[in-house]
Amino acid sequence: MKTIPTHLGWTFAACLVPFLGLLAFLAYAHGQARLLSTPSTPLLWGLGAVGAAAPLVRVGIVTRSVAARASTLDLGLLLQIYGSVILIFASLFALLQVSGPAPAFTGMATVWTEQSATLGEHTKALLEVFGESAYLSVVTVTTVGFGDITPASGLARLLVSAEALIGVGFMSLVLGKYFAYCTHEPRAPRPGGAP
């Protein structure tokens, strides 16, 4: 059970990096009295690598180890992996939304507007983007899809589709693990101690 809080905490911390990095960018740009319309591409790629790619690799490794153990059902770890997928895609959706002046998702808040904004207004908009990204991620991974936030770019459609497929695949894994656990019969030792 000790690995669950450790893994969840690590994923959560890594997924906060894009938000904190963008806050630092906004504070720096406002401090210089000149705000660029969007962060640079290398900054966004770096934030995406730390905030999404690294946790995704870790989730893949943990999921593979869970899938390899046929006779055990670690529900807490499975739920934590599911939550990690939500956080990772929320981070990616938010980075995509702030990556340019045109929104990647319709119905979601935007940070960059035509008129100049204060640091407080930009911070509030960034909080809204990350909150709505988390909501979109939950709605997508559960395949509910209310339609209030929709992808507007090709990359956004690709990410939303990937998360929906991962959500369905993961639920298949969970159900498979559950049924394997329920039907698993431990082998009785053979006479004479032979395996």
# chains A, B, ... in the order shown; residues from 1 in each chain; ligands from 1
$ select_by_dssp --residues "range 2-195 of chain A" --states "strand (DSSP E or B)" --output "list in words"
Phe105, Thr106, Thr150 and Pro151 of chain A
$ write_last_selection --atoms "C-alpha atoms" --output "mmCIF file, in the first residue's frame"
data_model
loop_
_atom_site.group_PDB
_atom_site.id
_atom_site.type_symbol
_atom_site.label_atom_id
_atom_site.label_comp_id
_atom_site.auth_asym_id
_atom_site.auth_seq_id
_atom_site.Cartn_x
_atom_site.Cartn_y
_atom_site.Cartn_z
ATOM 1 C CA PHE A 105 -10.514 23.912 -27.444
ATOM 2 C CA THR A 106 -13.785 25.775 -27.856
ATOM 3 C CA THR A 150 -14.675 20.473 -27.790
ATOM 4 C CA PRO A 151 -11.326 20.167 -29.580
#
$ residues_around --residues "Thr63 in chain A" --least-positions-apart "2" --cutoff "10 Å" --atoms "only C-alpha atoms" --output "list in words"
Val57, Arg58, Val59, Gly60, Ile61, Ser65, Val66, Ala67, Ala68, Leu77, Leu78, Ile81, Tyr82, Phe170 and Leu173 of chain A
$ write_last_selection --atoms "C-alpha atoms" --output "CSV table (one decimal), in the first residue's frame"
chain,number,residue,atom,x,y,z
A,57,VAL,CA,6.2,6.7,-18.9
A,58,ARG,CA,6.0,6.0,-15.2
A,59,VAL,CA,2.3,5.1,-15.4
A,60,GLY,CA,3.1,2.7,-18.3
A,61,ILE,CA,5.7,0.9,-16.2
A,65,SER,CA,3.7,-4.5,-13.7
A,66,VAL,CA,0.1,-4.6,-12.5
A,67,ALA,CA,-1.1,-6.4,-15.6
A,68,ALA,CA,1.7,-9.0,-15.2
A,77,LEU,CA,-3.1,1.1,-7.4
A,78,LEU,CA,-5.4,0.7,-10.3
A,81,ILE,CA,-3.2,4.9,-12.3
A,82,TYR,CA,-6.6,6.0,-13.6
A,170,PHE,CA,-7.8,0.8,-19.0
A,173,LEU,CA,-7.7,-4.1,-18.0
$ residues_around --residues "Gly167 in chain A" --least-positions-apart "5" --cutoff "12 Å" --atoms "only C-alpha atoms" --output "NGL selection string"
:A and (79 or 81-86 or 89 or 137-144 or 160-162 or 172-174)
$ atom_distance --atom1 "CA of Leu22 in chain A" --atom2 "CA of Ala134 in chain A"
16.4 Å
$ residues_around --residues "Gly46 in chain A" --least-positions-apart "4" --cutoff "10 Å" --atoms "only C-alpha atoms" --output "list in words"
Val17, Pro18, Gly21, Thr41, Pro42, Val50, Gly51, Ala52 and Ala53 of chain A
$ write_last_selection --atoms "N, CA and C atoms" --output "PDB file, in the first residue's frame"
ATOM      1  N   VAL A  17       4.024  20.951 -12.670  1.00  0.00           N
ATOM      2  CA  VAL A  17       5.146  21.691 -13.251  1.00  0.00           C
ATOM      3  C   VAL A  17       4.699  22.632 -14.378  1.00  0.00           C
ATOM      4  N   PRO A  18       3.858  22.202 -15.329  1.00  0.00           N
ATOM      5  CA  PRO A  18       3.438  23.149 -16.370  1.00  0.00           C
ATOM      6  C   PRO A  18       2.718  24.374 -15.813  1.00  0.00           C
ATOM      7  N   GLY A  21       5.318  26.541 -14.078  1.00  0.00           N
ATOM      8  CA  GLY A  21       6.184  27.131 -15.092  1.00  0.00           C
ATOM      9  C   GLY A  21       5.510  28.275 -15.832  1.00  0.00           C
ATOM     10  N   THR A  41       8.037  28.098 -27.764  1.00  0.00           N
ATOM     11  CA  THR A  41       7.850  26.671 -28.020  1.00  0.00           C
ATOM     12  C   THR A  41       8.790  25.803 -27.190  1.00  0.00           C
ATOM     13  N   PRO A  42      10.087  26.153 -27.057  1.00  0.00           N
ATOM     14  CA  PRO A  42      10.945  25.320 -26.197  1.00  0.00           C
ATOM     15  C   PRO A  42      10.460  25.254 -24.743  1.00  0.00           C
ATOM     16  N   VAL A  50       8.231  17.385 -18.740  1.00  0.00           N
ATOM     17  CA  VAL A  50       8.241  17.128 -17.301  1.00  0.00           C
ATOM     18  C   VAL A  50       6.836  16.843 -16.786  1.00  0.00           C
ATOM     19  N   GLY A  51       5.857  17.607 -17.259  1.00  0.00           N
ATOM     20  CA  GLY A  51       4.511  17.513 -16.715  1.00  0.00           C
ATOM     21  C   GLY A  51       3.628  16.450 -17.315  1.00  0.00           C
ATOM     22  N   ALA A  52       4.016  15.858 -18.420  1.00  0.00           N
ATOM     23  CA  ALA A  52       3.156  14.847 -19.041  1.00  0.00           C
ATOM     24  C   ALA A  52       3.924  13.618 -19.496  1.00  0.00           C
ATOM     25  N   ALA A  53       5.009  13.816 -20.212  1.00  0.00           N
ATOM     26  CA  ALA A  53       5.728  12.664 -20.770  1.00  0.00           C
ATOM     27  C   ALA A  53       6.352  11.794 -19.673  1.00  0.00           C
TER      28      ALA A  53
END
$ closest_residue --among "A:Ala102, A:Leu96, A:Leu126, A:Leu16" --to "Glu114 in chain A" --atoms "only C-alpha atoms"
A:Ala102
$ closest_residue --among "A:Val62, A:Ala14, A:Leu75, A:Ala29" --to "Tyr178 in chain A" --atoms "only C-alpha atoms"
A:Leu75
$ residues_around --residues "Phe12 in chain A" --least-positions-apart "3" --cutoff "9 Å" --atoms "only C-alpha atoms" --output "list in words"
His7, Leu8, Gly9, Cys15, Leu16, Gly51, Pro55, Ser84, Leu87 and Ile88 of chain A
$ select_by_dssp --residues "range 8-127 of chain A" --states "helix (DSSP H, G or I)" --output "number ranges by chain"
A: 8-31, 41-68, 75-97, 119-127
$ closest_residue --among "A:Gly169, A:Pro103, A:Pro39, A:Gly76" --to "Gly154 in chain A" --atoms "only C-alpha atoms"
A:Pro103
$ closest_residue --among "A:Ser91, A:Thr72, A:Thr11, A:Ser40" --to "His184 in chain A" --atoms "only C-alpha atoms"
A:Thr72
$ decode --residues "range 13-66 of chain A" --atoms "C-alpha atoms" --output "PDB file, in the first residue's frame"
ATOM      1  CA  ALA A  13       3.828  16.989  -8.452  1.00  0.00           C
ATOM      2  CA  ALA A  14       5.072  16.369 -11.996  1.00  0.00           C
ATOM      3  CA  CYS A  15       1.742  17.437 -13.482  1.00  0.00           C
ATOM      4  CA  LEU A  16       1.896  20.707 -11.514  1.00  0.00           C
ATOM      5  CA  VAL A  17       5.146  21.691 -13.251  1.00  0.00           C
ATOM      6  CA  PRO A  18       3.438  23.149 -16.370  1.00  0.00           C
ATOM      7  CA  PHE A  19       1.125  25.293 -14.237  1.00  0.00           C
ATOM      8  CA  LEU A  20       3.958  26.576 -12.055  1.00  0.00           C
ATOM      9  CA  GLY A  21       6.184  27.131 -15.092  1.00  0.00           C
ATOM     10  CA  LEU A  22       3.505  29.180 -16.829  1.00  0.00           C
ATOM     11  CA  LEU A  23       2.908  31.193 -13.642  1.00  0.00           C
ATOM     12  CA  ALA A  24       6.635  31.937 -13.505  1.00  0.00           C
ATOM     13  CA  PHE A  25       6.563  32.942 -17.183  1.00  0.00           C
ATOM     14  CA  LEU A  26       3.653  35.332 -16.548  1.00  0.00           C
ATOM     15  CA  ALA A  27       5.330  36.850 -13.481  1.00  0.00           C
ATOM     16  CA  TYR A  28       8.595  37.331 -15.365  1.00  0.00           C
ATOM     17  CA  ALA A  29       6.921  38.815 -18.453  1.00  0.00           C
ATOM     18  CA  HIS A  30       4.800  41.209 -16.394  1.00  0.00           C
ATOM     19  CA  GLY A  31       7.869  42.170 -14.361  1.00  0.00           C
ATOM     20  CA  GLN A  32       9.669  43.116 -17.580  1.00  0.00           C
ATOM     21  CA  ALA A  33       6.672  45.316 -18.519  1.00  0.00           C
ATOM     22  CA  ARG A  34       6.350  43.427 -21.768  1.00  0.00           C
ATOM     23  CA  LEU A  35       4.183  40.381 -22.152  1.00  0.00           C
ATOM     24  CA  LEU A  36       4.727  38.219 -25.160  1.00  0.00           C
ATOM     25  CA  SER A  37       1.537  36.855 -26.640  1.00  0.00           C
ATOM     26  CA  THR A  38       2.465  33.254 -25.835  1.00  0.00           C
ATOM     27  CA  PRO A  39       5.309  31.337 -24.187  1.00  0.00           C
ATOM     28  CA  SER A  40       8.069  30.101 -26.448  1.00  0.00           C
ATOM     29  CA  THR A  41       7.850  26.671 -28.020  1.00  0.00           C
ATOM     30  CA  PRO A  42      10.945  25.320 -26.197  1.00  0.00           C
ATOM     31  CA  LEU A  43       9.399  26.363 -22.857  1.00  0.00           C
ATOM     32  CA  LEU A  44       6.142  24.588 -23.699  1.00  0.00           C
ATOM     33  CA  TRP A  45       7.981  21.444 -24.863  1.00  0.00           C
ATOM     34  CA  GLY A  46      10.035  21.411 -21.672  1.00  0.00           C
ATOM     35  CA  LEU A  47       6.976  21.840 -19.474  1.00  0.00           C
ATOM     36  CA  GLY A  48       5.198  19.114 -21.443  1.00  0.00           C
ATOM     37  CA  ALA A  49       8.118  16.722 -21.071  1.00  0.00           C
ATOM     38  CA  VAL A  50       8.241  17.128 -17.301  1.00  0.00           C
ATOM     39  CA  GLY A  51       4.511  17.513 -16.715  1.00  0.00           C
ATOM     40  CA  ALA A  52       3.156  14.847 -19.041  1.00  0.00           C
ATOM     41  CA  ALA A  53       5.728  12.664 -20.770  1.00  0.00           C
ATOM     42  CA  ALA A  54       7.656  11.623 -17.648  1.00  0.00           C
ATOM     43  CA  PRO A  55       4.508  10.723 -15.655  1.00  0.00           C
ATOM     44  CA  LEU A  56       3.091   8.876 -18.674  1.00  0.00           C
ATOM     45  CA  VAL A  57       6.202   6.683 -18.882  1.00  0.00           C
ATOM     46  CA  ARG A  58       5.961   5.968 -15.163  1.00  0.00           C
ATOM     47  CA  VAL A  59       2.254   5.098 -15.439  1.00  0.00           C
ATOM     48  CA  GLY A  60       3.069   2.748 -18.323  1.00  0.00           C
ATOM     49  CA  ILE A  61       5.687   0.929 -16.249  1.00  0.00           C
ATOM     50  CA  VAL A  62       3.386   0.592 -13.231  1.00  0.00           C
ATOM     51  CA  THR A  63       0.456  -0.541 -15.412  1.00  0.00           C
ATOM     52  CA  ARG A  64       2.629  -3.179 -17.040  1.00  0.00           C
ATOM     53  CA  SER A  65       3.685  -4.547 -13.661  1.00  0.00           C
ATOM     54  CA  VAL A  66       0.064  -4.621 -12.458  1.00  0.00           C
TER      55      VAL A  66
END
